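Working notes, structure below.
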Amino acid sequence: MEHKFYFYSAVLLTVVITIGSLISIPKLEVTQVQISDKLVHISAYCLLTLNWLLVYRFKINKLKYGFLILFLIFIYGIIIEVLQGVLTSYRQADLLDVLANFAGISLAFIFFSLFFERK
């Protein structure tokens, strides 16, 4: 049951990040708090990576499978950035976003290694 929960939440996060990255989102002036775009990238990719690692945590018995997940999520982030530049007129591809994605992926891997990895 736990495996299915992580799988569905990982798929949902992937879909939400894809749609959220490609649609036009108006800036809301509801609050004075400004949230950094890079912090959003770090948080989103950290959660995404952590969820996918948790989906396969019982199947990851070698470090290379964990790195495969990290690599695929990194490539996914690059593809999203390219699509933003190619498919939309209201978004642009940004190398700093790719670096923020990588930071989120790295944080998730560190967190997963410390708290969830099977010994």
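In the structure tokens, chains take letters A, B, ... by order of appearance, with residues numbered from 1 within each chain and ligands from 1 in the order shown.
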
- request: Would you list the contacts of region 92-109 of chain A as a VMD selection string, taking every protein, DNA or RNA residue within 8 Å and counting only C-alpha atoms, but skipping same-chain residues closer than 5 positions in sequence?
  value: chain A and resid 38 to 39 41 to 47 49 to 50 70 73 to 74 77 to 78 81 to 85

Let's have the selection written as a PDB file, in the first residue's frame, with N, CA, C and O atoms.
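Written output follows (part_3.pdb):
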ATOM      1  N   LYS A  38      13.820  30.391  -7.750  1.00  0.00           N
ATOM      2  CA  LYS A  38      14.808  29.317  -7.579  1.00  0.00           C
ATOM      3  C   LYS A  38      14.458  28.438  -6.378  1.00  0.00           C
ATOM      4  O   LYS A  38      14.659  27.229  -6.405  1.00  0.00           O
ATOM      5  N   LEU A  39      13.917  29.045  -5.326  1.00  0.00           N
ATOM      6  CA  LEU A  39      13.486  28.268  -4.162  1.00  0.00           C
ATOM      7  C   LEU A  39      12.327  27.337  -4.529  1.00  0.00           C
ATOM      8  O   LEU A  39      12.257  26.205  -4.051  1.00  0.00           O
ATOM      9  N   HIS A  41      11.916  26.025  -7.515  1.00  0.00           N
ATOM     10  CA  HIS A  41      12.553  24.947  -8.285  1.00  0.00           C
ATOM     11  C   HIS A  41      13.219  23.943  -7.348  1.00  0.00           C
ATOM     12  O   HIS A  41      13.053  22.725  -7.514  1.00  0.00           O
ATOM     13  N   ILE A  42      13.982  24.436  -6.386  1.00  0.00           N
ATOM     14  CA  ILE A  42      14.671  23.546  -5.453  1.00  0.00           C
ATOM     15  C   ILE A  42      13.662  22.681  -4.704  1.00  0.00           C
ATOM     16  O   ILE A  42      13.820  21.457  -4.605  1.00  0.00           O
ATOM     17  N   SER A  43      12.611  23.300  -4.201  1.00  0.00           N
ATOM     18  CA  SER A  43      11.597  22.565  -3.434  1.00  0.00           C
ATOM     19  C   SER A  43      10.877  21.535  -4.292  1.00  0.00           C
ATOM     20  O   SER A  43      10.688  20.382  -3.878  1.00  0.00           O
ATOM     21  N   ALA A  44      10.462  21.937  -5.481  1.00  0.00           N
ATOM     22  CA  ALA A  44       9.712  21.037  -6.357  1.00  0.00           C
ATOM     23  C   ALA A  44      10.545  19.821  -6.757  1.00  0.00           C
ATOM     24  O   ALA A  44      10.072  18.679  -6.687  1.00  0.00           O
ATOM     25  N   TYR A  45      11.784  20.048  -7.148  1.00  0.00           N
ATOM     26  CA  TYR A  45      12.620  18.932  -7.596  1.00  0.00           C
ATOM     27  C   TYR A  45      13.114  18.091  -6.434  1.00  0.00           C
ATOM     28  O   TYR A  45      13.354  16.892  -6.595  1.00  0.00           O
ATOM     29  N   CYS A  46      13.234  18.674  -5.264  1.00  0.00           N
ATOM     30  CA  CYS A  46      13.563  17.894  -4.068  1.00  0.00           C
ATOM     31  C   CYS A  46      12.415  16.936  -3.748  1.00  0.00           C
ATOM     32  O   CYS A  46      12.637  15.735  -3.543  1.00  0.00           O
ATOM     33  N   LEU A  47      11.193  17.448  -3.723  1.00  0.00           N
ATOM     34  CA  LEU A  47      10.029  16.596  -3.456  1.00  0.00           C
ATOM     35  C   LEU A  47       9.849  15.536  -4.536  1.00  0.00           C
ATOM     36  O   LEU A  47       9.547  14.372  -4.236  1.00  0.00           O
ATOM     37  N   THR A  49      12.118  14.217  -6.577  1.00  0.00           N
ATOM     38  CA  THR A  49      13.182  13.212  -6.483  1.00  0.00           C
ATOM     39  C   THR A  49      12.969  12.302  -5.283  1.00  0.00           C
ATOM     40  O   THR A  49      13.088  11.073  -5.387  1.00  0.00           O
ATOM     41  N   LEU A  50      12.636  12.890  -4.150  1.00  0.00           N
ATOM     42  CA  LEU A  50      12.410  12.095  -2.944  1.00  0.00           C
ATOM     43  C   LEU A  50      11.270  11.104  -3.156  1.00  0.00           C
ATOM     44  O   LEU A  50      11.375   9.933  -2.775  1.00  0.00           O
ATOM     45  N   LEU A  70      18.112   9.791 -10.288  1.00  0.00           N
ATOM     46  CA  LEU A  70      18.575  11.181 -10.223  1.00  0.00           C
ATOM     47  C   LEU A  70      18.870  11.722 -11.621  1.00  0.00           C
ATOM     48  O   LEU A  70      18.490  12.850 -11.951  1.00  0.00           O
ATOM     49  N   ILE A  73      15.593  12.364 -13.607  1.00  0.00           N
ATOM     50  CA  ILE A  73      14.892  13.565 -13.151  1.00  0.00           C
ATOM     51  C   ILE A  73      15.644  14.813 -13.603  1.00  0.00           C
ATOM     52  O   ILE A  73      15.022  15.809 -14.001  1.00  0.00           O
ATOM     53  N   PHE A  74      16.955  14.781 -13.588  1.00  0.00           N
ATOM     54  CA  PHE A  74      17.747  15.911 -14.075  1.00  0.00           C
ATOM     55  C   PHE A  74      17.474  16.160 -15.555  1.00  0.00           C
ATOM     56  O   PHE A  74      17.259  17.303 -15.978  1.00  0.00           O
ATOM     57  N   GLY A  77      14.141  17.740 -16.034  1.00  0.00           N
ATOM     58  CA  GLY A  77      14.196  19.180 -15.774  1.00  0.00           C
ATOM     59  C   GLY A  77      14.754  19.962 -16.951  1.00  0.00           C
ATOM     60  O   GLY A  77      14.264  21.055 -17.273  1.00  0.00           O
ATOM     61  N   ILE A  78      15.763  19.414 -17.598  1.00  0.00           N
ATOM     62  CA  ILE A  78      16.331  20.074 -18.786  1.00  0.00           C
ATOM     63  C   ILE A  78      15.309  20.103 -19.911  1.00  0.00           C
ATOM     64  O   ILE A  78      15.137  21.121 -20.591  1.00  0.00           O
ATOM     65  N   GLU A  81      12.799  22.791 -19.286  1.00  0.00           N
ATOM     66  CA  GLU A  81      13.358  24.121 -19.578  1.00  0.00           C
ATOM     67  C   GLU A  81      13.397  24.389 -21.082  1.00  0.00           C
ATOM     68  O   GLU A  81      13.060  25.478 -21.530  1.00  0.00           O
ATOM     69  N   VAL A  82      13.790  23.388 -21.850  1.00  0.00           N
ATOM     70  CA  VAL A  82      13.821  23.543 -23.312  1.00  0.00           C
ATOM     71  C   VAL A  82      12.408  23.770 -23.846  1.00  0.00           C
ATOM     72  O   VAL A  82      12.177  24.652 -24.688  1.00  0.00           O
ATOM     73  N   LEU A  83      11.452  22.993 -23.343  1.00  0.00           N
ATOM     74  CA  LEU A  83      10.063  23.165 -23.785  1.00  0.00           C
ATOM     75  C   LEU A  83       9.528  24.552 -23.440  1.00  0.00           C
ATOM     76  O   LEU A  83       8.763  25.133 -24.210  1.00  0.00           O
ATOM     77  N   GLN A  84       9.931  25.091 -22.299  1.00  0.00           N
ATOM     78  CA  GLN A  84       9.505  26.446 -21.941  1.00  0.00           C
ATOM     79  C   GLN A  84       9.998  27.453 -22.978  1.00  0.00           C
ATOM     80  O   GLN A  84       9.271  28.375 -23.340  1.00  0.00           O
ATOM     81  N   GLY A  85      11.213  27.271 -23.440  1.00  0.00           N
ATOM     82  CA  GLY A  85      11.760  28.190 -24.431  1.00  0.00           C
ATOM     83  C   GLY A  85      11.186  27.998 -25.821  1.00  0.00           C
ATOM     84  O   GLY A  85      11.048  28.953 -26.586  1.00  0.00           O
TER      85      GLY A  85
END

message: What's around region 9-17 of chain A at 7 Å? Count only C-alpha atoms, leave out sequence neighbours fewer than 5 positions away in its own chain, and write the answer as a ChimeraX atom specification.
response: /A:48,51-52

- request: Give me, please, the distance in Å between CA of Leu72 (chain A) and CA of Phe112 (chain A), quoted to one decimal.
  value: 16.6 Å

field: Residue set, chain A restricted to helix (DSSP H, G or I), as a PyMOL selection string
entry: chain A and resi 2-22+37-55+63-87+95-115
